[in-house]
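Asks: mmCIF, C-alpha atoms, saved as data-v8.cif, coming up:
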data_structure
#
loop_
_atom_site.label_atom_id
_atom_site.label_comp_id
_atom_site.auth_asym_id
_atom_site.auth_seq_id
_atom_site.Cartn_x
_atom_site.Cartn_y
_atom_site.Cartn_z
CA ASP O 1 -15.81 92.79 -58.72
CA ALA O 2 -14.60 90.74 -61.69
CA LEU O 3 -11.83 89.08 -59.68
CA MET O 4 -14.17 87.85 -56.95
CA VAL O 5 -16.72 86.65 -59.51
CA ARG O 6 -14.07 84.59 -61.34
CA LYS O 7 -12.72 83.16 -58.09
CA ASP O 8 -16.22 82.13 -56.99
CA LEU O 9 -16.90 80.59 -60.40
CA LEU O 10 -13.67 78.60 -60.20
CA ASP O 11 -14.54 77.30 -56.72
CA LEU O 12 -18.05 76.36 -57.86
CA THR O 13 -16.72 74.54 -60.92
CA LYS O 14 -14.24 72.57 -58.80
CA THR O 15 -17.01 71.59 -56.40
CA ASN O 16 -19.34 70.44 -59.18
CA GLN O 17 -16.82 68.89 -61.59
CA GLY O 18 -13.74 67.95 -59.57
CA GLU O 19 -10.25 69.47 -59.61
CA LEU O 20 -9.16 68.08 -62.99
CA HIS O 21 -12.19 68.62 -65.24
CA PRO O 22 -11.64 70.60 -68.48
CA LEU O 23 -14.24 73.12 -67.30
CA VAL O 24 -11.94 73.88 -64.37
CA ALA O 25 -9.21 74.69 -66.90
CA GLU O 26 -11.58 77.15 -68.58
CA ALA O 27 -12.36 78.75 -65.22
CA GLN O 28 -8.63 78.99 -64.47
CA HIS O 29 -8.16 80.69 -67.83
CA ALA O 30 -10.90 83.21 -67.08
CA LEU O 31 -9.38 84.01 -63.68
CA GLY O 32 -5.92 84.26 -65.21
CA ARG O 33 -7.26 86.76 -67.74
CA VAL O 34 -8.57 89.02 -64.96
CA TYR O 35 -5.20 88.87 -63.17
CA TYR O 36 -3.50 89.69 -66.49
CA ILE O 37 -5.68 92.77 -67.01
CA LEU O 38 -4.85 93.83 -63.44
CA ARG O 39 -1.13 93.29 -64.26
CA GLN O 40 -0.81 90.73 -61.49
CA TYR O 41 1.33 88.58 -63.74
CA GLU O 42 2.59 86.08 -61.17
CA GLU O 43 -0.96 85.13 -60.18
CA SER O 44 -2.04 85.07 -63.81
CA GLU O 45 0.77 82.70 -64.75
CA LYS O 46 -0.18 80.35 -61.91
CA CYS O 47 -3.71 80.13 -63.31
CA TYR O 48 -2.49 79.45 -66.84
CA ASP O 49 -0.01 76.85 -65.55
CA ARG O 50 -2.81 75.03 -63.72
CA ALA O 51 -4.99 75.18 -66.82
CA ALA O 52 -2.14 73.78 -68.93
CA GLY O 53 -1.68 70.90 -66.49
CA ILE O 54 -5.37 69.98 -66.63
CA ARG O 55 -5.46 70.18 -70.42
CA GLU O 56 -2.29 68.12 -70.79
CA ARG O 57 -3.96 65.43 -68.69
CA SER O 58 -7.30 65.68 -70.53
CA PHE O 59 -6.22 66.22 -74.14
CA GLY O 60 -2.47 65.63 -74.34
CA ALA O 61 0.47 68.01 -74.60
CA GLU O 62 0.17 68.43 -78.38
CA HIS O 63 -3.53 69.35 -78.49
CA GLY O 64 -4.85 72.70 -79.71
CA GLU O 65 -6.69 73.33 -76.41
CA THR O 66 -3.48 72.79 -74.46
CA ALA O 67 -1.70 75.16 -76.83
CA LYS O 68 -4.07 77.95 -75.74
CA SER O 69 -2.71 77.68 -72.21
CA TYR O 70 0.89 77.68 -73.44
CA PHE O 71 0.12 80.76 -75.56
CA ASN O 72 -1.19 82.65 -72.56
CA ILE O 73 1.89 81.74 -70.55
CA GLY O 74 3.85 83.24 -73.44
CA LEU O 75 1.81 86.44 -73.08
CA ILE O 76 2.71 86.58 -69.40
CA ARG O 77 6.42 86.07 -70.09
CA GLU O 78 6.25 88.83 -72.73
CA ALA O 79 4.48 91.20 -70.32
CA LYS O 80 7.15 90.50 -67.69
CA GLY O 81 9.93 91.30 -70.18
CA ASP O 82 11.13 87.69 -70.47
CA PHE O 83 11.21 87.76 -74.26
CA ALA O 84 13.37 84.66 -74.61
CA GLY O 85 10.75 82.82 -72.54
CA SER O 86 7.85 84.15 -74.58
CA SER O 87 9.59 83.25 -77.83
CA ALA O 88 10.07 79.68 -76.59
CA TYR O 89 6.39 79.33 -75.66
CA TYR O 90 5.11 80.94 -78.88
CA GLY O 91 7.41 78.74 -80.96
CA HIS O 92 6.09 75.62 -79.24
CA VAL O 93 2.48 76.76 -79.71
CA LEU O 94 3.11 77.46 -83.39
CA LYS O 95 4.27 73.88 -84.00
CA ILE O 96 1.21 72.44 -82.23
CA ASP O 97 -1.27 74.68 -84.04
CA GLN O 98 0.24 74.03 -87.46
CA LYS O 99 -0.69 70.38 -86.96
CA ALA O 100 -4.01 71.05 -85.25
CA HIS O 101 -5.39 73.82 -87.48
CA GLY O 102 -3.36 73.85 -90.70
CA ILE O 103 -0.73 76.24 -92.03
CA ASN O 104 -3.27 78.61 -93.63
CA SER O 105 -5.41 79.09 -90.53
CA GLU O 106 -6.06 82.32 -88.65
CA VAL O 107 -4.79 80.68 -85.46
CA VAL O 108 -1.41 79.92 -87.04
CA ALA O 109 -1.19 83.46 -88.44
CA SER O 110 -1.75 84.85 -84.93
CA ASP O 111 0.84 82.46 -83.47
CA THR O 112 3.36 83.49 -86.14
CA ALA O 113 2.73 87.17 -85.46
CA ALA O 114 3.19 86.64 -81.71
CA LEU O 115 6.46 84.77 -82.21
CA ALA O 116 7.73 87.40 -84.65
CA ARG O 117 6.81 90.18 -82.21
CA SER O 118 8.64 88.40 -79.39
CA LEU O 119 11.72 87.86 -81.56
CA MET O 120 11.66 91.56 -82.41
CA LEU O 121 11.53 92.45 -78.72
CA GLU O 122 14.47 90.12 -78.13
CA GLY O 123 16.39 92.12 -80.73
CA ARG O 124 16.36 89.24 -83.22
CA HIS O 125 15.04 91.47 -86.01
CA ASP O 126 16.33 89.47 -88.96
CA GLU O 127 14.72 86.27 -87.67
CA SER O 128 11.47 88.11 -87.05
CA LEU O 129 11.35 89.56 -90.57
CA LYS O 130 12.26 86.25 -92.19
CA LEU O 131 9.51 84.42 -90.30
CA LEU O 132 6.95 87.06 -91.28
CA ARG O 133 7.98 87.26 -94.94
CA ASN O 134 7.84 83.49 -95.36
CA HIS O 135 4.39 83.19 -93.83
CA ILE O 136 2.99 86.21 -95.67
CA VAL O 137 4.15 84.81 -99.03
CA LEU O 138 2.68 81.42 -98.14
CA LEU O 139 -0.70 82.95 -97.29
CA GLU O 140 -0.71 85.26 -100.31
CA ASN O 141 -0.13 82.28 -102.58
CA ALA O 142 -2.82 80.21 -100.87
CA LEU O 143 -5.48 82.83 -100.08
CA GLY O 144 -4.68 85.92 -102.17
CA LYS O 145 -3.08 89.25 -101.35
CA ASP O 146 -6.29 90.84 -100.05
CA HIS O 147 -7.16 88.26 -97.40
CA GLN O 148 -7.87 89.68 -93.94
CA ILE O 149 -5.76 87.02 -92.26
CA LEU O 150 -2.66 88.85 -93.49
CA CYS O 151 -3.32 91.95 -91.38
CA VAL O 152 -2.01 90.58 -88.08
CA LEU O 153 1.27 89.64 -89.78
CA LEU O 154 1.60 92.92 -91.68
CA ASP O 155 1.10 94.91 -88.46
CA VAL O 156 3.99 93.14 -86.74
CA MET O 157 6.16 93.45 -89.85
CA ALA O 158 5.48 97.20 -89.92
CA SER O 159 6.60 97.52 -86.29
CA THR O 160 9.71 95.46 -86.95
CA GLN O 161 10.64 97.48 -90.03
CA ALA O 162 10.28 100.65 -87.99
CA LYS O 163 12.57 99.18 -85.31
CA CYS O 164 15.12 98.54 -88.06
CA ASP O 165 14.78 102.17 -89.28
CA ASN O 166 13.20 100.97 -92.53
CA PHE O 167 10.63 103.74 -92.34
CA ALA O 168 9.42 103.72 -95.95
CA GLU O 169 8.69 99.99 -95.72
CA ALA O 170 6.93 100.47 -92.38
CA GLU O 171 4.65 103.20 -93.75
CA THR O 172 3.76 101.10 -96.78
CA LEU O 173 2.82 98.18 -94.54
CA TYR O 174 0.69 100.29 -92.16
CA GLN O 175 -1.15 101.76 -95.15
CA ARG O 176 -1.68 98.30 -96.63
CA VAL O 177 -3.32 97.11 -93.43
CA ILE O 178 -5.64 100.13 -93.41
CA ASN O 179 -6.64 99.44 -97.01
CA LEU O 180 -7.29 95.77 -96.27
CA ARG O 181 -9.41 96.55 -93.21
CA HIS O 182 -11.56 98.98 -95.17
CA LYS O 183 -12.05 96.40 -97.93
CA ASP O 184 -13.37 93.80 -95.50
CA ALA O 185 -17.05 93.13 -96.20
CA ARG O 186 -17.69 92.70 -92.45
CA GLN O 187 -16.60 96.31 -91.79
CA ASP O 188 -15.33 95.51 -88.29
CA LEU O 189 -15.13 99.02 -86.82
CA LYS O 190 -12.75 98.03 -84.04
CA LEU O 191 -10.24 96.46 -86.41
CA ILE O 192 -10.49 99.43 -88.78
CA GLY O 193 -9.95 101.75 -85.82
CA ASP O 194 -6.97 99.70 -84.64
CA SER O 195 -5.31 99.98 -88.05
CA HIS O 196 -5.56 103.78 -88.02
CA ALA O 197 -4.46 103.99 -84.37
CA TYR O 198 -1.31 101.89 -84.95
CA TYR O 199 -0.38 104.04 -87.93
CA GLY O 200 -1.08 107.20 -85.94
CA VAL O 201 1.22 106.16 -83.11
CA TYR O 202 3.93 105.36 -85.65
CA LEU O 203 3.52 108.77 -87.32
CA VAL O 204 3.96 110.54 -83.98
CA SER O 205 7.25 108.69 -83.54
CA ARG O 206 8.29 110.12 -86.93
CA HIS O 207 7.16 113.64 -85.87
CA LYS O 208 4.51 113.73 -88.61
CA LEU O 209 1.94 115.26 -86.29
CA THR O 210 -0.63 116.54 -88.79
CA LEU O 211 -0.89 113.13 -90.45
CA ALA O 212 -0.89 111.45 -87.03
CA ALA O 213 -3.80 113.62 -85.88
CA GLU O 214 -5.80 112.59 -88.95
CA GLN O 215 -5.19 108.89 -88.29
CA MET O 216 -6.00 109.09 -84.58
CA ARG O 217 -9.17 111.10 -85.27
CA THR O 218 -10.28 108.42 -87.73
CA ALA O 219 -9.51 105.69 -85.20
CA VAL O 220 -11.55 107.43 -82.50
CA ILE O 221 -14.54 107.86 -84.82
CA HIS O 222 -14.56 104.13 -85.58
CA TYR O 223 -14.21 103.19 -81.89
CA ALA O 224 -17.04 105.54 -80.91
CA ARG O 225 -19.37 104.27 -83.64
CA GLN O 226 -18.56 100.69 -82.73
CA GLY O 227 -19.56 101.43 -79.15
CA MET O 228 -22.84 102.97 -80.26
CA MET O 229 -23.67 99.95 -82.40
CA GLU O 230 -22.81 97.48 -79.65
CA ARG O 231 -24.09 99.67 -76.80
CA SER O 232 -20.80 99.34 -74.97
CA ARG O 233 -17.84 101.67 -74.68
CA ASN O 234 -14.66 100.55 -76.44
CA PRO O 235 -11.85 100.62 -73.81
CA ASP O 236 -9.51 102.14 -76.40
CA LEU O 237 -11.76 105.17 -76.94
CA SER O 238 -10.67 107.38 -74.04
CA PRO O 239 -6.90 106.71 -74.43
CA CYS O 240 -7.15 107.47 -78.15
CA ILE O 241 -9.03 110.71 -77.55
CA GLU O 242 -6.38 111.75 -75.03
CA PHE O 243 -3.64 110.83 -77.51
CA TYR O 244 -5.38 112.90 -80.20
CA VAL O 245 -5.78 115.85 -77.81
CA ASN O 246 -2.06 115.75 -76.99
CA ILE O 247 -1.21 115.83 -80.70
CA LEU O 248 -3.43 118.89 -81.18
CA ARG O 249 -1.69 120.62 -78.28
CA ARG O 250 1.68 119.92 -79.86
CA LEU O 251 0.28 121.42 -83.06
CA GLN O 252 -0.65 124.49 -80.97
CA TYR O 253 -4.41 124.31 -81.40
CA ASP O 254 -6.32 126.54 -78.96
CA GLU O 255 -7.97 124.83 -75.98
CA GLN O 256 -11.51 125.67 -77.07
CA THR O 257 -11.01 123.93 -80.41
CA ILE O 258 -9.34 120.98 -78.71
CA GLN O 259 -12.23 120.47 -76.27
CA SER O 260 -14.76 120.88 -79.09
CA HIS O 261 -13.00 118.13 -81.05
CA ALA O 262 -12.89 115.84 -78.02
CA ASN O 263 -16.60 116.31 -77.24
CA LEU O 264 -17.66 115.63 -80.81
CA LEU O 265 -15.44 112.56 -81.09
CA GLU O 266 -17.03 111.07 -77.95
CA LYS O 267 -20.26 111.03 -79.98
CA GLY O 268 -18.66 109.54 -83.08
CA ILE O 269 -18.87 112.85 -84.97
CA ASP O 270 -15.95 113.94 -87.14
CA PRO O 271 -15.09 117.50 -86.02
CA VAL O 272 -13.42 118.23 -89.35
CA GLU O 273 -16.71 117.69 -91.19
CA ILE O 274 -18.69 120.11 -89.00
#
Give the structure from the file, written as structure tokens.
Replies:
Amino acid sequence: DALMVRKDLLDLTKTNQGELHPLVAEAQHALGRVYYILRQYEESEKCYDRAAGIRERSFGAEHGETAKSYFNIGLIREAKGDFAGSSAYYGHVLKIDQKAHGINSEVVASDTAALARSLMLEGRHDESLKLLRNHIVLLENALGKDHQILCVLLDVMASTQAKCDNFAEAETLYQRVINLRHKDARQDLKLIGDSHAYYGVYLVSRHKLTLAAEQMRTAVIHYARQGMMERSRNPDLSPCIEFYVNILRRLQYDEQTIQSHANLLEKGIDPVEI
């Protein structure tokens, strides 16, 4: 399985390169990722810690490659519910990447979003919103209000506004992300699907089930079509179909219609257009 493959690859890399080679850090990262997916967070953190140690030795503590290891440790702390710990790691990574990649970079936008999300989970909503607003304004001034790099920040701001019961602001932000994703010349179907799925989940929380069903159906169609193009199944497809089915049941659709919708969506066909 994937775990055994990554373990074998790590052992082989150590044998060929030595314990402290940067390639060993990459192999540790890959193994840590598998443990993370399996929710074996303690083992995952050990891998990322080892990778960080190697990269500190190879590149220095303030290098962008080292920051990747720190970021992943932050992800582990967040997954374990240690939000103060994740905020500390994300904050440190943000400072490194601002120097390494520049304030207007996609990497820094992702770091800022991660820190803001962690602050929100800590309950530090005001700090989260301030951080997001400042960086969004900075990027809008530098890159324009339609730049795709804004989406990761707007998504977190939408979630934070919802946590603060600022529902009108949250809806506006979710809709803005959807509009930006559809404007993107690359037409990344996964990212478009994600934007509709996030908004759909939010709408369910607001008991707007008809609108939520529309958003989740749109998300599923994009995930399915992405899978067809890439000849691989998007892992979010089945959970989103199930989520959509549950919404239809709450809307009291009959089971035959529900199953018909699910079967068509698996094929990337919009059941509403049939």
Asks: Using the chain letters and residue numbers of this document, give as a list in words the residues selected by the PyMOL selection byres ((chain O and resi 170-179) around 8).
Replies: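 Evaluating the PyMOL selection byres ((chain O and resi 170-179) around 8) on this file yields Cys151, Leu154, Asp155, Met157, Ala158, Ser159, Thr160, Gln161, Ala162, Asn166, Phe167, Ala168, Glu169, Leu180, Arg181, His182, Lys183, Ile192, Ser195, His196, Tyr198 and Tyr199 of chain O.
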Asks: May I ask which of the residues O:Leu153, O:Ala142, O:Leu23, O:Leu237 is the closest one to Thr112 (chain O), counting all atoms listed in the file?
Replies: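 Distance minimum relative to Thr112 (chain O) lands on O:Leu153.
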Asks: Quick one: everything within 10 Å of Ala52 (chain O), counting only C-alpha atoms, minus sequence neighbours fewer than 6 positions away in the same chain. Send it as a PyMOL selection string.
Replies: chain O and resi 25+28-29+46+58+60-61+65-73
Asks: How far is it from CA of Gln259 (chain O) to CA of Thr218 (chain O), in Å with one decimal?
Replies: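 So the answer is 16.7 Å.
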Asks: Could you tell me which residues the PyMOL selection byres ((chain O and resi 24) around 9) grabs in this file, written as a PyMOL selection string?
Replies: chain O and resi 10-11+13-14+17-23+25-29+51+54
Asks: Determine, counting all atoms listed in the file, which protein, DNA and RNA residues have an atom within 8 Å of an atom of region 243-250 of chain O; residues of the same chain fewer than 2 positions away are not included. Present the result as a PyMOL selection string.
Replies: chain O and resi 209+212-213+216-217+239-241+252-255+258+262
Asks: Of the residues O:His101, O:Ala84, O:Ile269, O:His135, which is the one nearest to Ala113 (chain O), using all atoms listed in the file?
Replies: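 Looking only at the distances to Ala113 (chain O), the closest residue turns out to be O:His135.
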Asks: Using all atoms listed in the file, which of O:Val137, O:Ala88, O:Leu251, O:Met228 sits nearest Thr210 (chain O)?
Replies: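 Comparing O:Val137, O:Ala88, O:Leu251, O:Met228 against Thr210 (chain O), the winner is O:Leu251.
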